[in-house]
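First the structure, in the form of structure tokens, and then the observations on it.
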Amino acid sequence: MPQQKLSMALEYVVNQALTINSAHKTSKLKLTTLEQKTLALHLTELNFPLCFTCHQEKILVTGNIDSADCTITTSLKALKTIKENHALTQAIKDDLLDIEGDLKIAQAFMALAESIDIDWQSELAKHIGDIPTYKLTQLAHTISDKLMFASKQIKADASEWLVHEKRLLVTHRECQNFIDDIGKVTAQIDKLSLRIQTLEQISDKTQEEV
Amino acid sequence: MSAQEQSPSSPAQSNEPETTHFGFQTVETKEKESKVAGVFHSVAQQYDVMNDLMSFGIHRLWKRFTIDASGVRPGNKVLDLAGGTGDLTAKFSRLVGKDGKVVLADINSSMLKVGRDKLRDKGLVQNIEYVQANAQYLPFEDNSFDIVTIAFGLRNVTDKDMALRSIYRVLKPGGRLLILEFSKPEHELLNKAYDFYSFNILPKIGEIVAKDGDSYQYLAESIRMHPAQEKLKSMMEEAGFEQANYKNLTGGIVALHKGYKF
Ligand SMILES: C[S@@+](CC[C@H](N)C(=O)[O-])C[C@H]1O[C@@H](n2cnc3c(N)ncnc32)[C@H](O)[C@@H]1O
């Protein structure tokens, strides 16, 4: 259960940091705007997703990809190669990093990561014994550094990104909502047609009688 | 918070056999429920501490694994059956959000009370309902839950087949059941070590910490009497579940069974 160990440790560390930073305006604001939103982070080296859900000013870390509003797919290796002056758009075009779903949520999560002050490496090392240390170190440095960088880049590159027509894929949840909406509309239409039919029959009958 | 407390119903008419297991003892079927009730009334206050102590905290990982495998989504309606002190309920409540609902159901009022107090202290009040109910006679409408979980509860139920049928009835089509339960370790050596731990060490910890060695002796015995992985899988299939399968955790000391109603 390395996945569950890592998510338990991350959850602990992040929430500790949030408590310490609770006075920080940005983190408070972001937590409120992110209430009930989920960001999924797919790191290819880890072969399982890390999903961050905001709830009542706390972060829940799970593997529940089904509830993700936004998914960032990348690798620790790729994150390392994205240097300060290497545009995020370019990284996306080069298939080093991909974002699916609601871009605003990704931005807000990144701003949150930026606003909390975590010594990821030493914190995680305290809690995880059996994930190889090199992975830990990479994870610790790259997640915080690169998410901060990505946040700035996303803001700067948003318009350029749109010009490049990077397709933002809809998430499973958005799809599901859409299907549910269609279901409701179809049911309403069915009801309406039935009603029209009945009205037609009544009108035919009255005409016959007249 | 809606804190509905219903009495667990147990209709007089039932085709239950006359005797059943209570740990290694054979007792009258009618008697098992009250004996199990006695155990959980007695351990309720110390339950969480003992859980951490006895499993070295690993039960938290097993429960996380269950949440990760549940596919829960915002807006879902979840039944945490035999939910006791509400560990799973707490996580589900956060994940289903204000549009969803979690029902924490347990046959035992002491366990429910400890659970309710704990969840309240965590500020989880919005979307949780508490219902005192017997897994064999669930007091819910047909097709009403997206997910049902039963963690370390099924082995205490007198008629497990009946409970599985009852769960099947209340699940929505497309819904799933997750059973987290002690099971049979995959390797003989682990099995032996685990047996030694369960029968020699566990009741001692129970005696020292919870001042209740007998209850923990029962818990160890009930683990041994619980059907092993394949048997439980076929029981799920018999109750109507499809794609029933399981995943061994910690070498099979615990298994997570999952099945769907389509
Ligand atoms: C070992 S505790 C597990 C509590 C919790 N699910 C957990 O994992 O921490 C078992 C629970 O099953 C409940 N229980 C036993 N028989 C039951 C039944 N027939 N119907 C519902 N709950 C039952 C007990 O009252 C107790 O709270």
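How things are named: the first chain in the structure tokens is A, the next is B, and so on; residues count from 1 in each chain; ligands count from 1 in the order shown.
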(request) Run DSSP on the backbone and grab whatever in stretch 73-221 of chain B lands in strand (DSSP E or B); send it over as a PyMOL selection string. (result) chain B and resi 77-81+101-106+128-132+145-151+171-182
(message) Which residues are near A:Glu57? Cut-off 8 Å, only C-alpha atoms, ignore same chain within fewer than 3 positions. Put them as a ChimeraX atom specification.
(response) /A:28,31-32,35,54
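Note that atom CA of B:Thr89 and atom CA of B:Tyr47 are 15.8 Å apart.
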(message) What does the list of residues within 9 Å of ligand 1 look like if you count only C-alpha atoms and all ligand atoms, written as number ranges by chain?
(response) B: 8, 33, 36-37, 39-41, 44, 47-48, 51, 59, 63, 80-89, 105-112, 132-138, 149-160, 163, 180-181, 219
Can you write just those residues out, N, CA and C atoms, as a compact mmCIF listing (two decimals), in the first residue's frame?
# COMPACT_ATOMS: atom_id res chain seq x y z
N PRO B 8 -33.08 -1.38 15.43
CA PRO B 8 -32.81 -2.38 14.42
C PRO B 8 -33.92 -3.44 14.42
N GLU B 33 -26.61 -12.28 18.54
CA GLU B 33 -26.75 -10.83 18.42
C GLU B 33 -26.49 -10.12 19.74
N VAL B 36 -22.77 -10.35 20.69
CA VAL B 36 -21.97 -9.41 19.90
C VAL B 36 -22.21 -7.99 20.42
N ALA B 37 -23.48 -7.71 20.71
CA ALA B 37 -23.82 -6.38 21.24
C ALA B 37 -23.04 -6.12 22.52
N VAL B 39 -20.17 -7.34 23.40
CA VAL B 39 -18.76 -7.06 23.08
C VAL B 39 -18.60 -5.59 22.70
N PHE B 40 -19.46 -5.10 21.79
CA PHE B 40 -19.24 -3.74 21.28
C PHE B 40 -19.69 -2.65 22.25
N HIS B 41 -20.65 -2.95 23.10
CA HIS B 41 -20.98 -1.98 24.16
C HIS B 41 -19.74 -1.82 25.04
N ALA B 44 -16.66 0.01 23.06
CA ALA B 44 -16.93 1.26 22.32
C ALA B 44 -15.99 2.41 22.68
N TYR B 47 -12.44 1.84 21.57
CA TYR B 47 -12.33 1.18 20.27
C TYR B 47 -11.23 1.77 19.38
N ASP B 48 -11.20 3.10 19.26
CA ASP B 48 -10.24 3.73 18.34
C ASP B 48 -8.78 3.52 18.78
N ASN B 51 -7.83 -0.04 18.17
CA ASN B 51 -7.64 -0.30 16.73
C ASN B 51 -6.23 0.09 16.31
N HIS B 59 -4.65 -0.16 10.15
CA HIS B 59 -6.07 -0.12 9.75
C HIS B 59 -6.39 1.17 9.00
N LYS B 63 -8.23 1.29 5.38
CA LYS B 63 -9.44 2.09 5.16
C LYS B 63 -9.22 3.06 4.00
N ASP B 80 -22.35 3.58 5.18
CA ASP B 80 -21.23 2.98 5.91
C ASP B 80 -21.85 2.07 6.96
N LEU B 81 -21.99 0.80 6.56
CA LEU B 81 -22.71 -0.15 7.39
C LEU B 81 -21.77 -0.77 8.43
N ALA B 82 -22.30 -1.03 9.61
CA ALA B 82 -21.48 -1.47 10.76
C ALA B 82 -20.36 -0.45 10.93
N GLY B 83 -20.71 0.80 10.72
CA GLY B 83 -19.73 1.88 10.62
C GLY B 83 -19.07 2.24 11.93
N GLY B 84 -19.62 1.77 13.05
CA GLY B 84 -18.99 1.99 14.35
C GLY B 84 -18.64 3.43 14.62
N THR B 85 -17.34 3.67 14.84
CA THR B 85 -16.92 5.01 15.25
C THR B 85 -16.66 5.93 14.05
N GLY B 86 -17.02 5.48 12.86
CA GLY B 86 -17.15 6.38 11.71
C GLY B 86 -15.90 6.81 10.97
N ASP B 87 -14.84 5.98 10.98
CA ASP B 87 -13.63 6.37 10.23
C ASP B 87 -13.93 6.55 8.74
N LEU B 88 -14.63 5.59 8.15
CA LEU B 88 -14.93 5.69 6.72
C LEU B 88 -15.92 6.82 6.47
N THR B 89 -16.90 6.95 7.36
CA THR B 89 -17.90 8.01 7.21
C THR B 89 -17.24 9.38 7.12
N ALA B 105 -24.57 3.56 9.69
CA ALA B 105 -25.52 2.64 10.32
C ALA B 105 -24.77 1.60 11.14
N ASP B 106 -25.27 1.32 12.31
CA ASP B 106 -24.67 0.30 13.16
C ASP B 106 -25.76 -0.26 14.06
N ILE B 107 -25.60 -1.53 14.44
CA ILE B 107 -26.62 -2.14 15.29
C ILE B 107 -26.47 -1.67 16.74
N ASN B 108 -25.29 -1.15 17.05
CA ASN B 108 -24.95 -0.89 18.45
C ASN B 108 -25.00 0.59 18.81
N SER B 109 -25.84 0.94 19.77
CA SER B 109 -26.04 2.36 20.11
C SER B 109 -24.79 2.98 20.74
N SER B 110 -24.01 2.19 21.49
CA SER B 110 -22.79 2.76 22.12
C SER B 110 -21.78 3.14 21.05
N MET B 111 -21.59 2.26 20.06
CA MET B 111 -20.64 2.55 18.98
C MET B 111 -21.11 3.77 18.19
N LEU B 112 -22.43 3.82 17.92
CA LEU B 112 -22.98 4.97 17.17
C LEU B 112 -22.73 6.27 17.93
N GLN B 132 -29.58 3.46 13.64
CA GLN B 132 -29.29 2.20 14.32
C GLN B 132 -30.00 1.10 13.55
N ALA B 133 -29.22 0.21 12.95
CA ALA B 133 -29.85 -0.80 12.08
C ALA B 133 -29.06 -2.09 12.06
N ASN B 134 -29.78 -3.18 11.84
CA ASN B 134 -29.17 -4.49 11.70
C ASN B 134 -28.93 -4.74 10.21
N ALA B 135 -27.70 -5.15 9.86
CA ALA B 135 -27.35 -5.37 8.46
C ALA B 135 -28.29 -6.36 7.78
N GLN B 136 -28.89 -7.25 8.55
CA GLN B 136 -29.77 -8.26 7.94
C GLN B 136 -31.13 -7.69 7.54
N TYR B 137 -31.51 -6.62 8.18
CA TYR B 137 -32.84 -6.05 7.90
C TYR B 137 -32.70 -4.55 7.70
N LEU B 138 -32.08 -4.15 6.62
CA LEU B 138 -31.78 -2.72 6.45
C LEU B 138 -33.06 -1.90 6.26
N THR B 149 -20.42 0.31 2.17
CA THR B 149 -19.19 -0.29 2.69
C THR B 149 -19.51 -0.98 4.01
N ILE B 150 -18.80 -2.06 4.26
CA ILE B 150 -18.92 -2.68 5.58
C ILE B 150 -17.50 -3.09 5.97
N ALA B 151 -16.94 -2.37 6.93
CA ALA B 151 -15.54 -2.58 7.30
C ALA B 151 -15.47 -3.27 8.66
N PHE B 152 -14.87 -4.42 8.68
CA PHE B 152 -14.69 -5.21 9.90
C PHE B 152 -16.01 -5.42 10.64
N GLY B 153 -17.08 -5.53 9.86
CA GLY B 153 -18.40 -5.68 10.45
C GLY B 153 -19.05 -7.00 10.10
N LEU B 154 -18.82 -7.48 8.86
CA LEU B 154 -19.58 -8.64 8.38
C LEU B 154 -19.36 -9.88 9.24
N ARG B 155 -18.15 -10.05 9.77
CA ARG B 155 -17.89 -11.27 10.54
C ARG B 155 -18.71 -11.33 11.82
N ASN B 156 -19.22 -10.19 12.25
CA ASN B 156 -20.03 -10.18 13.48
C ASN B 156 -21.51 -10.43 13.21
N VAL B 157 -21.89 -10.40 11.94
CA VAL B 157 -23.30 -10.53 11.60
C VAL B 157 -23.71 -12.00 11.67
N THR B 158 -24.87 -12.26 12.25
CA THR B 158 -25.30 -13.64 12.46
C THR B 158 -25.54 -14.35 11.12
N ASP B 159 -26.37 -13.78 10.25
CA ASP B 159 -26.66 -14.40 8.97
C ASP B 159 -26.08 -13.54 7.85
N LYS B 160 -24.87 -13.92 7.43
CA LYS B 160 -24.14 -13.08 6.46
C LYS B 160 -24.82 -13.06 5.09
N ALA B 163 -27.57 -10.66 5.15
CA ALA B 163 -27.06 -9.28 5.14
C ALA B 163 -26.66 -8.90 3.71
N LEU B 180 -14.52 -4.75 3.68
CA LEU B 180 -13.16 -4.79 4.20
C LEU B 180 -13.22 -5.69 5.43
N GLU B 181 -12.46 -6.77 5.40
CA GLU B 181 -12.59 -7.72 6.52
C GLU B 181 -11.31 -8.54 6.68
N LEU B 219 -12.93 -11.32 19.41
CA LEU B 219 -12.56 -10.70 18.13
C LEU B 219 -11.59 -11.61 17.38
Chain A near chain B within 8 Å: what's each residue's closest atom pair and its distance in Å to one decimal, counting only C-alpha atoms, ordered by chain then ascending residue number, as a Markdown table?
| residue | atom | partner | partner_atom | distance |
| --- | --- | --- | --- | --- |
| A:Met1 | CA | B:Leu61 | CA | 7.2 |
| A:Gln4 | CA | B:Leu61 | CA | 5.7 |
| A:Lys5 | CA | B:Leu61 | CA | 6.7 |
| A:Met8 | CA | B:Leu61 | CA | 7.9 |
| A:Gln36 | CA | B:Gly97 | CA | 6.4 |
| A:Thr53 | CA | B:Leu95 | CA | 7.6 |
| A:His55 | CA | B:Arg94 | CA | 6.0 |
| A:Thr62 | CA | B:Asp68 | CA | 6.1 |
| A:Gly63 | CA | B:Asp68 | CA | 5.0 |
| A:Asn64 | CA | B:Asp68 | CA | 5.2 |
| A:Ile65 | CA | B:Gly71 | CA | 7.7 |
| A:Asp66 | CA | B:Gly71 | CA | 5.9 |
| A:Ser67 | CA | B:Arg73 | CA | 5.0 |
Keeping only N, CA, C and O atoms, take the residues you just selected and write them out as a PDB file, in the first residue's frame.
ATOM      1  N   MET A   1       0.798  -1.216   0.000  1.00  0.00           N
ATOM      2  CA  MET A   1       0.000   0.000   0.000  1.00  0.00           C
ATOM      3  C   MET A   1       0.840   1.281   0.000  1.00  0.00           C
ATOM      4  O   MET A   1       0.539   2.208   0.755  1.00  0.00           O
ATOM      5  N   GLN A   4      -1.231   4.486  -0.410  1.00  0.00           N
ATOM      6  CA  GLN A   4      -1.960   4.963   0.756  1.00  0.00           C
ATOM      7  C   GLN A   4      -1.001   5.572   1.783  1.00  0.00           C
ATOM      8  O   GLN A   4      -1.338   6.542   2.450  1.00  0.00           O
ATOM      9  N   LYS A   5       0.226   5.005   1.860  1.00  0.00           N
ATOM     10  CA  LYS A   5       1.210   5.574   2.788  1.00  0.00           C
ATOM     11  C   LYS A   5       1.574   6.979   2.354  1.00  0.00           C
ATOM     12  O   LYS A   5       1.642   7.895   3.174  1.00  0.00           O
ATOM     13  N   MET A   8      -1.290   9.408   2.880  1.00  0.00           N
ATOM     14  CA  MET A   8      -1.479   9.716   4.298  1.00  0.00           C
ATOM     15  C   MET A   8      -0.413  10.729   4.760  1.00  0.00           C
ATOM     16  O   MET A   8      -0.730  11.711   5.440  1.00  0.00           O
ATOM     17  N   GLN A  36     -14.470  21.792  -2.120  1.00  0.00           N
ATOM     18  CA  GLN A  36     -15.063  20.637  -2.813  1.00  0.00           C
ATOM     19  C   GLN A  36     -14.516  20.414  -4.221  1.00  0.00           C
ATOM     20  O   GLN A  36     -15.106  19.686  -5.005  1.00  0.00           O
ATOM     21  N   THR A  53      -8.266  17.032  -2.604  1.00  0.00           N
ATOM     22  CA  THR A  53      -9.621  17.592  -2.513  1.00  0.00           C
ATOM     23  C   THR A  53      -9.679  18.579  -1.359  1.00  0.00           C
ATOM     24  O   THR A  53      -9.197  18.283  -0.260  1.00  0.00           O
ATOM     25  N   HIS A  55     -11.714  20.517   1.494  1.00  0.00           N
ATOM     26  CA  HIS A  55     -12.962  20.434   2.245  1.00  0.00           C
ATOM     27  C   HIS A  55     -12.806  21.140   3.582  1.00  0.00           C
ATOM     28  O   HIS A  55     -11.925  20.784   4.364  1.00  0.00           O
ATOM     29  N   THR A  62      -6.249  11.539  -1.753  1.00  0.00           N
ATOM     30  CA  THR A  62      -6.751  10.188  -2.029  1.00  0.00           C
ATOM     31  C   THR A  62      -6.270   9.734  -3.411  1.00  0.00           C
ATOM     32  O   THR A  62      -5.540  10.456  -4.081  1.00  0.00           O
ATOM     33  N   GLY A  63      -6.751   8.571  -3.800  1.00  0.00           N
ATOM     34  CA  GLY A  63      -6.454   8.084  -5.138  1.00  0.00           C
ATOM     35  C   GLY A  63      -7.713   8.109  -5.991  1.00  0.00           C
ATOM     36  O   GLY A  63      -7.792   7.440  -7.011  1.00  0.00           O
ATOM     37  N   ASN A  64      -8.685   8.898  -5.533  1.00  0.00           N
ATOM     38  CA  ASN A  64      -9.992   8.900  -6.176  1.00  0.00           C
ATOM     39  C   ASN A  64     -10.075   9.751  -7.428  1.00  0.00           C
ATOM     40  O   ASN A  64     -10.653  10.828  -7.424  1.00  0.00           O
ATOM     41  N   ILE A  65      -9.573   9.232  -8.490  1.00  0.00           N
ATOM     42  CA  ILE A  65      -9.473   9.977  -9.744  1.00  0.00           C
ATOM     43  C   ILE A  65     -10.857  10.345 -10.307  1.00  0.00           C
ATOM     44  O   ILE A  65     -11.009  11.320 -11.028  1.00  0.00           O
ATOM     45  N   ASP A  66     -11.873   9.545  -9.928  1.00  0.00           N
ATOM     46  CA  ASP A  66     -13.223   9.772 -10.449  1.00  0.00           C
ATOM     47  C   ASP A  66     -13.777  11.153 -10.128  1.00  0.00           C
ATOM     48  O   ASP A  66     -14.633  11.655 -10.845  1.00  0.00           O
ATOM     49  N   SER A  67     -13.316  11.741  -9.018  1.00  0.00           N
ATOM     50  CA  SER A  67     -13.907  13.019  -8.649  1.00  0.00           C
ATOM     51  C   SER A  67     -13.060  14.213  -9.082  1.00  0.00           C
ATOM     52  O   SER A  67     -13.334  15.339  -8.679  1.00  0.00           O
TER      53      SER A  67
END
(request) Can you work out the spacing between atom CA of A:Leu112 and atom CA of A:Ala17 in Å, to one decimal? (result) 11.1 Å
(request) Find the residues near B:Met50: any atom within 8 Å, counting only C-alpha atoms, skip ones fewer than 2 places away on the same chain, and give them as a ChimeraX atom specification. (result) /B:46-48,52-54,206,209-210
(message) Considering only alpha helix (DSSP H) as DSSP defines it on the backbone, what residues of stretch 90-258 of chain B qualify? List them as a PyMOL selection string.
(response) chain B and resi 90-96+109-121+160-170+188-196+202-209+213-225+229-238
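A straight line drawn from atom CA of A:Ala40 to atom CA of A:Cys70 is 6.2 Å long.
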(message) Calculated over only C-alpha atoms, which of the candidates B:Lys35, B:Lys184, B:Arg169, B:Lys77 has the smallest distance to B:Ile223?
(response) B:Lys184
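For the residues B:Phe199, B:Tyr168, B:Phe241, B:Tyr260, ranking by smallest atom-to-atom distance to B:Ser144 using only C-alpha atoms places B:Tyr168 first.
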(message) For a quick check of understanding, using only C-alpha atoms, which of A:Val14, A:Ile116, A:Leu43, A:Val185 has the smallest distance to A:Lys58?
(response) A:Val14
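When only C-alpha atoms are used to compute distances to B:Met162, the closest of the residues B:Leu256, B:Val78, B:Ile128, B:Met236 turns out to be B:Met236.
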